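Asker: Pasting start_5.cif here (mmCIF, N, CA and C atoms):
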data_start
loop_
_atom_site.label_atom_id
_atom_site.label_comp_id
_atom_site.auth_asym_id
_atom_site.auth_seq_id
_atom_site.Cartn_x
_atom_site.Cartn_y
_atom_site.Cartn_z
N MET A 1 27.36 2.83 -41.01
CA MET A 1 26.75 4.05 -40.51
C MET A 1 26.04 3.78 -39.20
N GLU A 2 25.96 4.81 -38.39
CA GLU A 2 25.27 4.69 -37.12
C GLU A 2 23.76 4.73 -37.34
N ASN A 3 23.07 4.03 -36.50
CA ASN A 3 21.62 4.03 -36.56
C ASN A 3 21.11 5.20 -35.71
N ILE A 4 20.77 6.29 -36.37
CA ILE A 4 20.31 7.49 -35.67
C ILE A 4 18.80 7.58 -35.80
N GLU A 5 18.15 7.70 -34.64
CA GLU A 5 16.70 7.78 -34.62
C GLU A 5 16.26 9.20 -34.92
N LYS A 6 15.36 9.35 -35.87
CA LYS A 6 14.87 10.68 -36.21
C LYS A 6 13.75 11.06 -35.24
N ASN A 7 13.70 12.33 -34.88
CA ASN A 7 12.63 12.82 -34.02
C ASN A 7 11.42 13.15 -34.87
N ASN A 8 10.40 12.34 -34.74
CA ASN A 8 9.16 12.61 -35.45
C ASN A 8 8.16 13.20 -34.48
N PRO A 9 7.10 13.81 -34.96
CA PRO A 9 6.13 14.47 -34.07
C PRO A 9 5.50 13.55 -33.03
N SER A 10 5.23 12.30 -33.38
CA SER A 10 4.61 11.41 -32.40
C SER A 10 5.58 11.07 -31.27
N LYS A 11 6.87 10.92 -31.59
CA LYS A 11 7.86 10.65 -30.55
C LYS A 11 8.03 11.85 -29.64
N LEU A 12 8.03 13.04 -30.21
CA LEU A 12 8.15 14.25 -29.41
C LEU A 12 6.94 14.42 -28.49
N GLN A 13 5.75 14.11 -28.98
CA GLN A 13 4.54 14.20 -28.16
C GLN A 13 4.59 13.18 -27.04
N ALA A 14 5.07 11.97 -27.33
CA ALA A 14 5.18 10.94 -26.30
C ALA A 14 6.18 11.35 -25.23
N ASP A 15 7.29 11.96 -25.63
CA ASP A 15 8.28 12.44 -24.65
C ASP A 15 7.68 13.53 -23.77
N LYS A 16 6.91 14.44 -24.37
CA LYS A 16 6.29 15.52 -23.61
C LYS A 16 5.28 14.94 -22.61
N THR A 17 4.49 13.98 -23.04
CA THR A 17 3.50 13.35 -22.17
C THR A 17 4.19 12.62 -21.03
N PHE A 18 5.27 11.91 -21.33
CA PHE A 18 6.03 11.18 -20.32
C PHE A 18 6.58 12.15 -19.27
N LYS A 19 7.11 13.27 -19.71
CA LYS A 19 7.65 14.27 -18.78
C LYS A 19 6.55 14.86 -17.90
N GLN A 20 5.35 15.05 -18.46
CA GLN A 20 4.23 15.57 -17.67
C GLN A 20 3.82 14.57 -16.59
N ILE A 21 3.77 13.29 -16.95
CA ILE A 21 3.40 12.25 -15.99
C ILE A 21 4.42 12.19 -14.86
N ILE A 22 5.70 12.20 -15.21
CA ILE A 22 6.75 12.17 -14.20
C ILE A 22 6.66 13.40 -13.30
N GLY A 23 6.37 14.55 -13.87
CA GLY A 23 6.22 15.78 -13.09
C GLY A 23 5.05 15.68 -12.12
N MET A 24 3.94 15.12 -12.54
CA MET A 24 2.77 14.95 -11.66
C MET A 24 3.10 14.01 -10.51
N ILE A 25 3.81 12.94 -10.80
CA ILE A 25 4.19 11.99 -9.75
C ILE A 25 5.13 12.65 -8.74
N GLU A 26 6.10 13.41 -9.23
CA GLU A 26 7.03 14.10 -8.33
C GLU A 26 6.31 15.11 -7.45
N GLU A 27 5.33 15.83 -8.02
CA GLU A 27 4.56 16.80 -7.23
C GLU A 27 3.73 16.10 -6.16
N SER A 28 3.13 14.97 -6.49
CA SER A 28 2.30 14.26 -5.50
C SER A 28 3.17 13.68 -4.38
N ILE A 29 4.37 13.25 -4.69
CA ILE A 29 5.28 12.75 -3.65
C ILE A 29 5.73 13.91 -2.76
N ALA A 30 6.04 15.05 -3.35
CA ALA A 30 6.44 16.22 -2.56
C ALA A 30 5.30 16.67 -1.65
N LEU A 31 4.07 16.66 -2.15
CA LEU A 31 2.92 17.04 -1.34
C LEU A 31 2.72 16.06 -0.20
N SER A 32 2.93 14.79 -0.46
CA SER A 32 2.81 13.77 0.58
C SER A 32 3.84 13.98 1.67
N GLU A 33 5.06 14.30 1.30
CA GLU A 33 6.11 14.57 2.29
C GLU A 33 5.79 15.83 3.09
N LYS A 34 5.24 16.84 2.43
CA LYS A 34 4.92 18.10 3.10
C LYS A 34 3.79 17.92 4.11
N LEU A 35 2.74 17.17 3.73
CA LEU A 35 1.59 16.99 4.60
C LEU A 35 1.85 16.01 5.73
N GLY A 36 2.74 15.07 5.51
CA GLY A 36 3.02 14.06 6.53
C GLY A 36 1.86 13.08 6.65
N ASP A 37 1.79 12.41 7.79
CA ASP A 37 0.73 11.43 8.01
C ASP A 37 -0.58 12.17 8.31
N HIS A 38 -1.59 11.93 7.48
CA HIS A 38 -2.89 12.57 7.66
C HIS A 38 -4.00 11.62 7.22
N PRO A 39 -5.21 11.85 7.67
CA PRO A 39 -6.31 10.96 7.27
C PRO A 39 -6.65 11.13 5.78
N LEU A 40 -7.31 10.14 5.24
CA LEU A 40 -7.69 10.14 3.84
C LEU A 40 -8.66 11.29 3.56
N ALA A 41 -8.33 12.12 2.59
CA ALA A 41 -9.18 13.24 2.21
C ALA A 41 -9.63 13.04 0.76
N PRO A 42 -10.91 13.27 0.46
CA PRO A 42 -11.40 13.02 -0.90
C PRO A 42 -10.77 13.92 -1.97
N ASP A 43 -10.36 15.13 -1.58
CA ASP A 43 -9.80 16.04 -2.57
C ASP A 43 -8.28 16.12 -2.54
N CYS A 44 -7.64 15.31 -1.72
CA CYS A 44 -6.18 15.31 -1.61
C CYS A 44 -5.57 14.47 -2.73
N SER A 45 -4.52 14.99 -3.35
CA SER A 45 -3.89 14.26 -4.45
C SER A 45 -2.46 13.87 -4.12
N CYS A 46 -2.14 13.76 -2.81
CA CYS A 46 -0.79 13.32 -2.45
C CYS A 46 -0.68 11.81 -2.69
N MET A 47 0.53 11.33 -2.75
CA MET A 47 0.77 9.93 -3.09
C MET A 47 0.15 8.99 -2.06
N ALA A 48 0.17 9.36 -0.79
CA ALA A 48 -0.39 8.50 0.26
C ALA A 48 -1.90 8.33 0.07
N CYS A 49 -2.60 9.43 -0.18
CA CYS A 49 -4.06 9.35 -0.37
C CYS A 49 -4.43 8.61 -1.65
N VAL A 50 -3.66 8.85 -2.71
CA VAL A 50 -3.93 8.15 -3.97
C VAL A 50 -3.76 6.65 -3.78
N THR A 51 -2.73 6.23 -3.05
CA THR A 51 -2.50 4.81 -2.80
C THR A 51 -3.62 4.23 -1.94
N LYS A 52 -4.07 4.98 -0.93
CA LYS A 52 -5.17 4.50 -0.08
C LYS A 52 -6.45 4.33 -0.90
N LYS A 53 -6.74 5.31 -1.78
CA LYS A 53 -7.93 5.22 -2.62
C LYS A 53 -7.85 4.02 -3.56
N LYS A 54 -6.67 3.81 -4.12
CA LYS A 54 -6.47 2.69 -5.03
C LYS A 54 -6.70 1.36 -4.32
N ARG A 55 -6.18 1.24 -3.11
CA ARG A 55 -6.37 0.01 -2.35
C ARG A 55 -7.82 -0.21 -1.98
N MET A 56 -8.55 0.87 -1.73
CA MET A 56 -9.97 0.73 -1.41
C MET A 56 -10.77 0.26 -2.62
N LEU A 57 -10.35 0.67 -3.81
CA LEU A 57 -11.07 0.31 -5.03
C LEU A 57 -10.74 -1.09 -5.54
N GLU A 58 -9.57 -1.61 -5.15
CA GLU A 58 -9.18 -2.94 -5.62
C GLU A 58 -10.15 -3.98 -5.09
N ARG A 59 -10.43 -4.94 -5.91
CA ARG A 59 -11.29 -6.03 -5.48
C ARG A 59 -10.48 -6.98 -4.62
N ARG A 60 -10.91 -7.17 -3.43
CA ARG A 60 -10.19 -8.03 -2.50
C ARG A 60 -10.71 -9.45 -2.61
N VAL A 61 -9.81 -10.39 -2.62
CA VAL A 61 -10.16 -11.80 -2.65
C VAL A 61 -9.63 -12.40 -1.36
N TYR A 62 -10.53 -12.90 -0.55
CA TYR A 62 -10.15 -13.49 0.72
C TYR A 62 -10.29 -15.01 0.64
N LYS A 63 -9.32 -15.69 1.18
CA LYS A 63 -9.41 -17.13 1.25
C LYS A 63 -10.14 -17.50 2.53
N SER A 64 -11.13 -18.33 2.38
CA SER A 64 -11.90 -18.76 3.52
C SER A 64 -11.27 -20.02 4.12
N LYS A 65 -11.44 -20.18 5.41
CA LYS A 65 -10.95 -21.41 6.04
C LYS A 65 -11.83 -22.59 5.67
N PHE A 66 -13.05 -22.31 5.31
CA PHE A 66 -14.01 -23.37 5.02
C PHE A 66 -14.35 -23.38 3.54
N SER A 67 -14.60 -24.53 3.01
CA SER A 67 -15.02 -24.64 1.64
C SER A 67 -16.35 -25.39 1.57
N LEU A 68 -17.15 -25.04 0.61
CA LEU A 68 -18.46 -25.68 0.46
C LEU A 68 -18.39 -26.80 -0.55
#
Would you mind giving the structure from this file in structure tokens?
Answerer:
Amino acid sequence: MENIEKNNPSKLQADKTFKQIIGMIEESIALSEKLGDHPLAPDCSCMACVTKKKRMLERRVYKSKFSL
């Protein structure tokens, strides 16, 4: 017999959530293409601004030329 996966409520909810996330990402990419190159805005949710904000929040580790 074939191994057929049954659709249970948790799997259906996960699929719905996944589709919502993909939809949000597609909308932010479309907004980024529409706006083009623009300065970082605090209320902008385009992919370019989100990436800039993420990079600003990342902890940067710099290698120093000198060691103590």
Asker: Take atom CA of A:Ser28 and atom CA of A:Arg60 and report the distance between them in Å, one decimal.
Answerer: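 Interatomic distance, atom CA of A:Ser28 to atom CA of A:Arg60: 25.7 Å.
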Asker: In Å, rounded to a single decimal, give me how far atom CA of A:Ala48 is from atom C of A:Gly36.
Answerer: 8.2 Å
Asker: Please return as an NGL selection string: the residues of chain A that backbone DSSP assigns to helix (DSSP H, G or I).
Answerer: :A and (9-35 or 47-57)
Asker: Between atom CA of A:Lys53 and atom N of A:Leu40, what is the distance, to one decimal in Å?
Answerer: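 Straight-line distance from atom CA of A:Lys53 to atom N of A:Leu40 works out to 9.3 Å.
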Asker: Which residues, written as a CSV table (one decimal) with N, CA and C atoms, in the coordinates of the input, have at least one atom at most 12 Å from A:Lys52, with only C-alpha atoms counted and residues fewer than 6 positions away on the same chain left out?
Answerer:
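around14.csv was written with the following content:
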chain,number,residue,atom,x,y,z
A,38,HIS,N,-1.6,11.9,7.5
A,38,HIS,CA,-2.9,12.6,7.7
A,38,HIS,C,-4.0,11.6,7.2
A,39,PRO,N,-5.2,11.8,7.7
A,39,PRO,CA,-6.3,11.0,7.3
A,39,PRO,C,-6.6,11.1,5.8
A,40,LEU,N,-7.3,10.1,5.2
A,40,LEU,CA,-7.7,10.1,3.8
A,40,LEU,C,-8.7,11.3,3.6
A,41,ALA,N,-8.3,12.1,2.6
A,41,ALA,CA,-9.2,13.2,2.2
A,41,ALA,C,-9.6,13.0,0.8
A,42,PRO,N,-10.9,13.3,0.5
A,42,PRO,CA,-11.4,13.0,-0.9
A,42,PRO,C,-10.8,13.9,-2.0
A,44,CYS,N,-7.6,15.3,-1.7
A,44,CYS,CA,-6.2,15.3,-1.6
A,44,CYS,C,-5.6,14.5,-2.7
A,45,SER,N,-4.5,15.0,-3.4
A,45,SER,CA,-3.9,14.3,-4.4
A,45,SER,C,-2.5,13.9,-4.1
A,46,CYS,N,-2.1,13.8,-2.8
A,46,CYS,CA,-0.8,13.3,-2.4
A,46,CYS,C,-0.7,11.8,-2.7
A,58,GLU,N,-9.6,-1.6,-5.2
A,58,GLU,CA,-9.2,-2.9,-5.6
A,58,GLU,C,-10.2,-4.0,-5.1
